[in-house]
$ cat start-v9.pdb   # PDB, C-alpha atoms
ATOM      1  CA  MET A   1     107.464  36.137 -69.624
ATOM      2  CA  TYR A   2     106.040  36.689 -66.127
ATOM      3  CA  ALA A   3     102.866  34.871 -67.117
ATOM      4  CA  ALA A   4     104.916  31.841 -68.194
ATOM      5  CA  TYR A   5     106.849  31.896 -64.907
ATOM      6  CA  TYR A   6     103.534  32.000 -63.078
ATOM      7  CA  VAL A   7     102.280  28.917 -64.948
ATOM      8  CA  ALA A   8     105.417  27.048 -63.866
ATOM      9  CA  GLU A   9     105.025  28.230 -60.279
ATOM     10  CA  LEU A  10     101.406  27.081 -60.112
ATOM     11  CA  LEU A  11     102.339  23.679 -61.528
ATOM     12  CA  GLY A  12     104.774  23.270 -58.671
ATOM     13  CA  GLU A  13     102.257  24.428 -56.073
ATOM     14  CA  LEU A  14      99.285  22.411 -57.283
ATOM     15  CA  THR A  15     101.006  19.065 -57.841
ATOM     16  CA  ASP A  16     102.926  16.600 -55.722
ATOM     17  CA  ASP A  17     106.462  15.570 -56.591
ATOM     18  CA  TYR A  18     106.516  12.748 -59.154
ATOM     19  CA  ASP A  19     102.785  13.113 -59.824
ATOM     20  CA  PRO A  20     102.425  12.855 -63.615
ATOM     21  CA  ALA A  21      99.202  14.975 -63.777
ATOM     22  CA  ALA A  22      99.096  14.571 -67.568
ATOM     23  CA  GLU A  23      95.988  16.717 -68.140
ATOM     24  CA  LEU A  24      97.399  19.533 -66.054
ATOM     25  CA  PHE A  25     100.715  19.482 -67.898
ATOM     26  CA  ASP A  26      98.860  19.417 -71.247
ATOM     27  CA  LEU A  27      96.920  22.482 -70.085
ATOM     28  CA  ALA A  28     100.189  24.188 -69.119
ATOM     29  CA  ASP A  29     101.713  23.342 -72.491
ATOM     30  CA  GLU A  30      98.669  24.738 -74.312
ATOM     31  CA  THR A  31      98.800  27.886 -72.168
ATOM     32  CA  LEU A  32     102.505  28.461 -72.772
ATOM     33  CA  ALA A  33     102.060  27.986 -76.525
ATOM     34  CA  ALA A  34      99.182  30.507 -76.544
ATOM     35  CA  LEU A  35     101.223  33.018 -74.549
ATOM     36  CA  SER A  36     104.130  32.551 -76.941
ATOM     37  CA  ALA A  37     101.784  33.212 -79.884
ATOM     38  CA  GLY A  38     100.795  36.559 -78.366
ATOM     39  CA  GLU A  39      97.360  35.657 -77.041
ATOM     40  CA  ASN A  40      95.823  37.925 -74.366
ATOM     41  CA  ALA A  41      97.902  36.930 -71.341
ATOM     42  CA  ALA A  42      95.472  38.188 -68.696
ATOM     43  CA  ARG A  43      92.535  36.165 -70.024
ATOM     44  CA  ARG A  44      94.697  33.092 -70.755
ATOM     45  CA  ILE A  45      96.170  33.067 -67.229
ATOM     46  CA  LEU A  46      92.709  33.284 -65.662
ATOM     47  CA  ARG A  47      91.624  30.389 -67.879
ATOM     48  CA  PHE A  48      94.692  28.387 -66.850
ATOM     49  CA  GLU A  49      94.092  29.032 -63.146
ATOM     50  CA  LEU A  50      90.434  28.021 -63.264
ATOM     51  CA  LEU A  51      90.962  24.910 -65.386
ATOM     52  CA  ALA A  52      93.947  23.875 -63.252
ATOM     53  CA  LEU A  53      91.797  24.251 -60.131
ATOM     54  CA  ARG A  54      89.113  22.105 -61.807
ATOM     55  CA  LEU A  55      91.678  19.394 -62.610
ATOM     56  CA  VAL A  56      93.039  19.253 -59.057
ATOM     57  CA  GLY A  57      89.564  19.357 -57.479
ATOM     58  CA  HIS A  58      89.609  22.896 -56.068
ATOM     59  CA  LEU A  59      87.532  24.868 -58.562
ATOM     60  CA  PRO A  60      85.371  27.235 -56.515
ATOM     61  CA  LEU A  61      81.637  26.679 -56.762
ATOM     62  CA  LEU A  62      80.273  29.602 -58.776
ATOM     63  CA  ASP A  63      76.597  28.853 -59.375
ATOM     64  CA  ALA A  64      75.284  27.452 -56.086
ATOM     65  CA  CYS A  65      75.877  28.074 -52.398
ATOM     66  CA  VAL A  66      78.883  26.064 -51.314
ATOM     67  CA  GLU A  67      77.229  25.429 -47.908
ATOM     68  CA  CYS A  68      73.594  24.522 -48.638
ATOM     69  CA  GLY A  69      73.697  23.891 -52.398
ATOM     70  CA  ARG A  70      70.942  26.360 -53.247
ATOM     71  CA  ALA A  71      71.298  27.613 -56.827
ATOM     72  CA  LEU A  72      72.327  31.246 -57.072
ATOM     73  CA  GLU A  73      71.403  33.203 -60.162
ATOM     74  CA  PRO A  74      73.786  36.109 -60.645
ATOM     75  CA  THR A  75      71.708  39.271 -60.739
ATOM     76  CA  GLY A  76      72.816  42.865 -60.523
ATOM     77  CA  ARG A  77      73.745  42.485 -56.850
ATOM     78  CA  ALA A  78      77.089  41.314 -55.555
ATOM     79  CA  VAL A  79      77.291  37.772 -54.216
ATOM     80  CA  ALA A  80      79.329  36.634 -51.230
ATOM     81  CA  PHE A  81      82.367  34.514 -52.103
ATOM     82  CA  GLY A  82      83.857  32.494 -49.247
ATOM     83  CA  GLN A  83      87.622  32.337 -49.760
ATOM     84  CA  LEU A  84      87.984  29.631 -47.125
ATOM     85  CA  ASP A  85      84.724  27.915 -48.073
ATOM     86  CA  GLY A  86      85.507  27.457 -51.754
ATOM     87  CA  GLY A  87      82.821  29.393 -53.552
ATOM     88  CA  VAL A  88      79.734  31.551 -53.427
ATOM     89  CA  LEU A  89      77.504  31.738 -50.380
ATOM     90  CA  CYS A  90      73.807  32.523 -50.115
ATOM     91  CA  SER A  91      72.765  35.278 -47.718
ATOM     92  CA  GLU A  92      71.724  32.779 -45.029
ATOM     93  CA  CYS A  93      74.959  30.773 -45.136
ATOM     94  CA  ARG A  94      77.151  33.880 -45.359
ATOM     95  CA  GLU A  95      76.400  34.820 -41.729
ATOM     96  CA  GLY A  96      79.418  34.442 -39.459
ATOM     97  CA  LYS A  97      81.874  33.435 -42.193
ATOM     98  CA  LYS A  98      85.377  34.864 -42.294
ATOM     99  CA  GLN A  99      87.368  35.811 -45.389
ATOM    100  CA  VAL A 100      84.331  36.627 -47.509
ATOM    101  CA  ALA A 101      84.564  38.888 -50.559
ATOM    102  CA  ALA A 102      81.775  40.452 -52.574
ATOM    103  CA  VAL A 103      81.845  39.439 -56.235
ATOM    104  CA  SER A 104      79.738  40.927 -59.007
ATOM    105  CA  ALA A 105      77.440  38.985 -61.297
ATOM    106  CA  ALA A 106      79.616  40.041 -64.247
ATOM    107  CA  ALA A 107      82.726  38.579 -62.628
ATOM    108  CA  LEU A 108      80.928  35.307 -61.835
ATOM    109  CA  ARG A 109      79.709  35.003 -65.428
ATOM    110  CA  CYS A 110      83.221  35.594 -66.767
ATOM    111  CA  MET A 111      84.719  33.089 -64.330
ATOM    112  CA  SER A 112      82.113  30.482 -65.301
ATOM    113  CA  GLN A 113      82.936  30.897 -68.989
ATOM    114  CA  LEU A 114      86.668  30.706 -68.346
ATOM    115  CA  ALA A 115      86.271  27.612 -66.148
ATOM    116  CA  ASP A 116      84.202  25.610 -68.641
ATOM    117  CA  PRO A 117      86.536  23.198 -70.452
ATOM    118  CA  GLN A 118      83.935  22.433 -73.148
ATOM    119  CA  ARG A 119      83.036  25.948 -74.281
ATOM    120  CA  GLN A 120      85.205  28.032 -76.569
ATOM    121  CA  SER A 121      83.288  31.276 -76.033
ATOM    122  CA  TRP A 122      85.885  32.327 -73.447
ATOM    123  CA  GLN A 123      88.205  33.204 -76.364
ATOM    124  CA  ARG A 124      85.843  36.007 -77.378
ATOM    125  CA  LEU A 125      85.162  37.054 -73.810
ATOM    126  CA  GLU A 126      85.332  40.801 -73.307
ATOM    127  CA  MET A 127      86.167  41.958 -69.801
ATOM    128  CA  ASN A 128      86.379  45.563 -68.797
ATOM    129  CA  SER A 129      89.253  46.540 -66.513
ATOM    130  CA  ARG A 130      86.981  46.651 -63.457
ATOM    131  CA  THR A 131      85.730  43.084 -63.952
ATOM    132  CA  TYR A 132      89.221  41.827 -64.732
ATOM    133  CA  GLY A 133      90.607  43.516 -61.610
ATOM    134  CA  GLU A 134      87.842  42.031 -59.485
ATOM    135  CA  ILE A 135      88.499  38.501 -60.791
ATOM    136  CA  ARG A 136      92.280  38.917 -60.529
ATOM    137  CA  GLY A 137      91.999  40.012 -56.892
ATOM    138  CA  LEU A 138      89.607  37.179 -56.086
ATOM    139  CA  MET A 139      91.856  34.587 -57.725
ATOM    140  CA  ASN A 140      94.964  35.969 -56.009
ATOM    141  CA  GLN A 141      93.312  35.610 -52.606
ATOM    142  CA  TYR A 142      91.763  32.218 -53.352
ATOM    143  CA  LEU A 143      95.018  30.721 -54.611
ATOM    144  CA  SER A 144      96.946  32.218 -51.691
ATOM    145  CA  HIS A 145      94.547  30.543 -49.248
ATOM    146  CA  LEU A 146      94.739  27.287 -51.155
ATOM    147  CA  VAL A 147      98.539  27.008 -51.316
ATOM    148  CA  GLY A 148      99.106  28.542 -47.883
ATOM    149  CA  ARG A 149     101.109  31.546 -49.073
ATOM    150  CA  ARG A 150     101.074  34.202 -51.750
ATOM    151  CA  PRO A 151     102.717  32.890 -54.945
ATOM    152  CA  ARG A 152     105.855  34.880 -55.788
ATOM    153  CA  MET A 153     104.643  35.774 -59.271
ATOM    154  CA  HIS A 154     101.361  37.356 -58.101
ATOM    155  CA  GLU A 155     102.948  40.791 -57.874
ATOM    156  CA  TYR A 156     103.882  40.605 -61.577
ATOM    157  CA  LEU A 157     100.355  39.677 -62.646
ATOM    158  CA  SER A 158      99.407  43.303 -62.002
ATOM    159  CA  LEU A 159     101.341  44.093 -65.197
ATOM    160  CA  LEU A 160      98.734  42.195 -67.213
ATOM    161  CA  SER A 161      95.531  43.879 -68.242
ATOM    162  CA  GLY A 162      92.186  42.325 -69.119
TER     163      GLY A 162
END
$ encode --input "start-v9.pdb" --output "structure tokens"
Amino acid sequence: MYAAYYVAELLGELTDDYDPAAELFDLADETLAALSAGENAARRILRFELLALRLVGHLPLLDACVECGRALEPTGRAVAFGQLDGGVLCSECREGKKQVAAVSAAALRCMSQLADPQRQSWQRLEMNSRTYGEIRGLMNQYLSHLVGRRPRMHEYLSLLSG
């Protein structure tokens, strides 16, 4: 139930009044139907968030430095993620940035799969609790920066597990 409330809250935050946003509302409808059918709520909500951000033009850049555009291959090392910058940062561009989080290669790979509207492999995606927690925290902060406040339903998302 909290996941469904969160979908409704994000719709309100990410759209303007009287903006039809048909694709976004179709995504919300699909998400609510999947939640109602008992699908994994944690994974489905992450998918909804990332696809919604793609549709409204705020999907964070996950495979190249958001500043210089240099491709970043996720290796075993953590990568800098600029909350205010909108995606990953290379080591040179990371210098002097505020609100930067370290994100693992595993979390970036999971986020990329969840954010790809064409691939269906996200439905079989296995996330351990550490990776899920890392992505959940990153998304909570990113969305809070984007909408200018912490969404009310964020505290209830901690009840979901990856």
$ resolve_selection --input "start-v9.pdb" --expression "the PyMOL selection byres ((chain A and resi 64) around 10)" --output "VMD selection string"
chain A and resid 61 to 63 65 to 74 87 to 90
$ closest_residue --input "start-v9.pdb" --among "A:Ile135, A:Phe48, A:Arg119, A:Val147" --to "A:Thr15" --atoms "all atoms listed in the file"
A:Val147
$ resolve_selection --input "start-v9.pdb" --expression "the PyMOL selection byres ((chain A and resi 104) around 12)" --output "list in words"
Leu62, Glu73, Pro74, Thr75, Gly76, Arg77, Ala78, Val79, Ala80, Phe81, Val88, Ala101, Ala102, Val103, Ala105, Ala106, Ala107, Leu108, Arg109, Cys110, Met111, Arg130, Thr131, Tyr132, Gly133, Glu134, Ile135 and Leu138 of chain A
$ closest_residue --input "start-v9.pdb" --among "A:Glu30, A:Tyr156, A:Gly148, A:Gly57" --to "A:Met1" --atoms "all atoms listed in the file"
A:Tyr156
$ atom_distance --input "start-v9.pdb" --atom1 "atom CA of A:Ala3" --atom2 "atom CA of A:Leu157"
7.0 Å
$ axis_aligned_box --input "start-v9.pdb" --around "stretch 110-113 of chain A" --padding-each-side "8 Å" --output "AutoDock Vina command-line options"
--center_x 83.4 --center_y 33.0 --center_z -66.7 --size_x 18.6 --size_y 21.1 --size_z 20.7
$ closest_residue --input "start-v9.pdb" --among "A:Cys93, A:Leu160, A:Val56, A:Ala115" --to "A:Phe25" --atoms "only C-alpha atoms"
A:Val56
$ closest_residue --input "start-v9.pdb" --among "A:Glu95, A:Glu49, A:Asp17, A:Glu23" --to "A:Met139" --atoms "all atoms listed in the file"
A:Glu49
$ build_atoms --input "start-v9.pdb" --residues "stretch 50-84 of chain A" --atoms "N, CA and C atoms" --output "short mmCIF file (atom, residue, chain, number, x, y, z; two decimals), in the coordinates of the input"
data_model
loop_
_atom_site.label_atom_id
_atom_site.label_comp_id
_atom_site.auth_asym_id
_atom_site.auth_seq_id
_atom_site.Cartn_x
_atom_site.Cartn_y
_atom_site.Cartn_z
N LEU A 50 91.73 28.66 -63.52
CA LEU A 50 90.43 28.02 -63.26
C LEU A 50 90.40 26.58 -63.74
N LEU A 51 90.94 26.30 -64.91
CA LEU A 51 90.96 24.91 -65.39
C LEU A 51 91.91 24.05 -64.55
N ALA A 52 93.02 24.62 -64.12
CA ALA A 52 93.95 23.88 -63.25
C ALA A 52 93.25 23.54 -61.93
N LEU A 53 92.53 24.51 -61.37
CA LEU A 53 91.80 24.25 -60.13
C LEU A 53 90.74 23.17 -60.34
N ARG A 54 90.09 23.16 -61.50
CA ARG A 54 89.11 22.10 -61.81
C ARG A 54 89.81 20.74 -61.81
N LEU A 55 90.96 20.67 -62.47
CA LEU A 55 91.68 19.39 -62.61
C LEU A 55 92.17 18.85 -61.28
N VAL A 56 92.54 19.73 -60.35
CA VAL A 56 93.04 19.25 -59.06
C VAL A 56 91.95 19.21 -57.99
N GLY A 57 90.69 19.50 -58.39
CA GLY A 57 89.56 19.36 -57.48
C GLY A 57 89.32 20.54 -56.56
N HIS A 58 89.79 21.72 -56.92
CA HIS A 58 89.61 22.90 -56.07
C HIS A 58 88.93 24.06 -56.77
N LEU A 59 88.24 23.80 -57.88
CA LEU A 59 87.53 24.87 -58.56
C LEU A 59 86.45 25.40 -57.62
N PRO A 60 86.42 26.71 -57.39
CA PRO A 60 85.37 27.24 -56.52
C PRO A 60 83.99 27.04 -57.14
N LEU A 61 83.02 26.82 -56.31
CA LEU A 61 81.64 26.68 -56.76
C LEU A 61 81.12 28.08 -57.08
N LEU A 62 80.64 28.27 -58.31
CA LEU A 62 80.27 29.60 -58.78
C LEU A 62 78.79 29.80 -59.01
N ASP A 63 78.01 28.72 -59.02
CA ASP A 63 76.60 28.85 -59.38
C ASP A 63 75.62 28.39 -58.30
N ALA A 64 76.14 27.91 -57.18
CA ALA A 64 75.28 27.45 -56.09
C ALA A 64 76.02 27.69 -54.77
N CYS A 65 75.28 27.85 -53.72
CA CYS A 65 75.88 28.07 -52.40
C CYS A 65 76.73 26.87 -52.02
N VAL A 66 77.95 27.12 -51.66
CA VAL A 66 78.88 26.06 -51.31
C VAL A 66 78.47 25.35 -50.01
N GLU A 67 77.67 26.02 -49.18
CA GLU A 67 77.23 25.43 -47.91
C GLU A 67 75.96 24.59 -48.07
N CYS A 68 74.90 25.20 -48.60
CA CYS A 68 73.59 24.52 -48.64
C CYS A 68 73.24 23.98 -50.02
N GLY A 69 73.96 24.39 -51.05
CA GLY A 69 73.70 23.89 -52.40
C GLY A 69 72.61 24.61 -53.17
N ARG A 70 72.00 25.62 -52.56
CA ARG A 70 70.94 26.36 -53.25
C ARG A 70 71.51 27.10 -54.46
N ALA A 71 70.85 26.95 -55.60
CA ALA A 71 71.30 27.61 -56.83
C ALA A 71 71.24 29.12 -56.65
N LEU A 72 72.27 29.79 -57.14
CA LEU A 72 72.33 31.25 -57.07
C LEU A 72 72.40 31.79 -58.49
N GLU A 73 71.41 32.56 -58.85
CA GLU A 73 71.40 33.20 -60.16
C GLU A 73 72.06 34.56 -60.01
N PRO A 74 73.16 34.79 -60.74
CA PRO A 74 73.79 36.11 -60.64
C PRO A 74 72.85 37.19 -61.19
N THR A 75 72.53 38.14 -60.34
CA THR A 75 71.71 39.27 -60.74
C THR A 75 72.60 40.51 -60.72
N GLY A 76 72.03 41.65 -60.57
CA GLY A 76 72.82 42.86 -60.52
C GLY A 76 73.55 43.06 -59.20
N ARG A 77 73.15 42.33 -58.18
CA ARG A 77 73.74 42.48 -56.85
C ARG A 77 75.00 41.64 -56.71
N ALA A 78 75.88 42.08 -55.86
CA ALA A 78 77.09 41.31 -55.56
C ALA A 78 76.71 40.08 -54.75
N VAL A 79 77.49 39.04 -54.91
CA VAL A 79 77.29 37.77 -54.22
C VAL A 79 78.49 37.54 -53.30
N ALA A 80 78.24 36.93 -52.17
CA ALA A 80 79.33 36.63 -51.23
C ALA A 80 80.14 35.45 -51.75
N PHE A 81 81.46 35.58 -51.69
CA PHE A 81 82.37 34.51 -52.10
C PHE A 81 83.24 34.17 -50.91
N GLY A 82 83.09 32.94 -50.41
CA GLY A 82 83.86 32.49 -49.25
C GLY A 82 85.22 31.97 -49.67
N GLN A 83 86.26 32.74 -49.39
CA GLN A 83 87.62 32.34 -49.76
C GLN A 83 88.00 31.01 -49.10
N LEU A 84 87.65 30.86 -47.85
CA LEU A 84 87.98 29.63 -47.12
C LEU A 84 86.99 28.51 -47.39
#
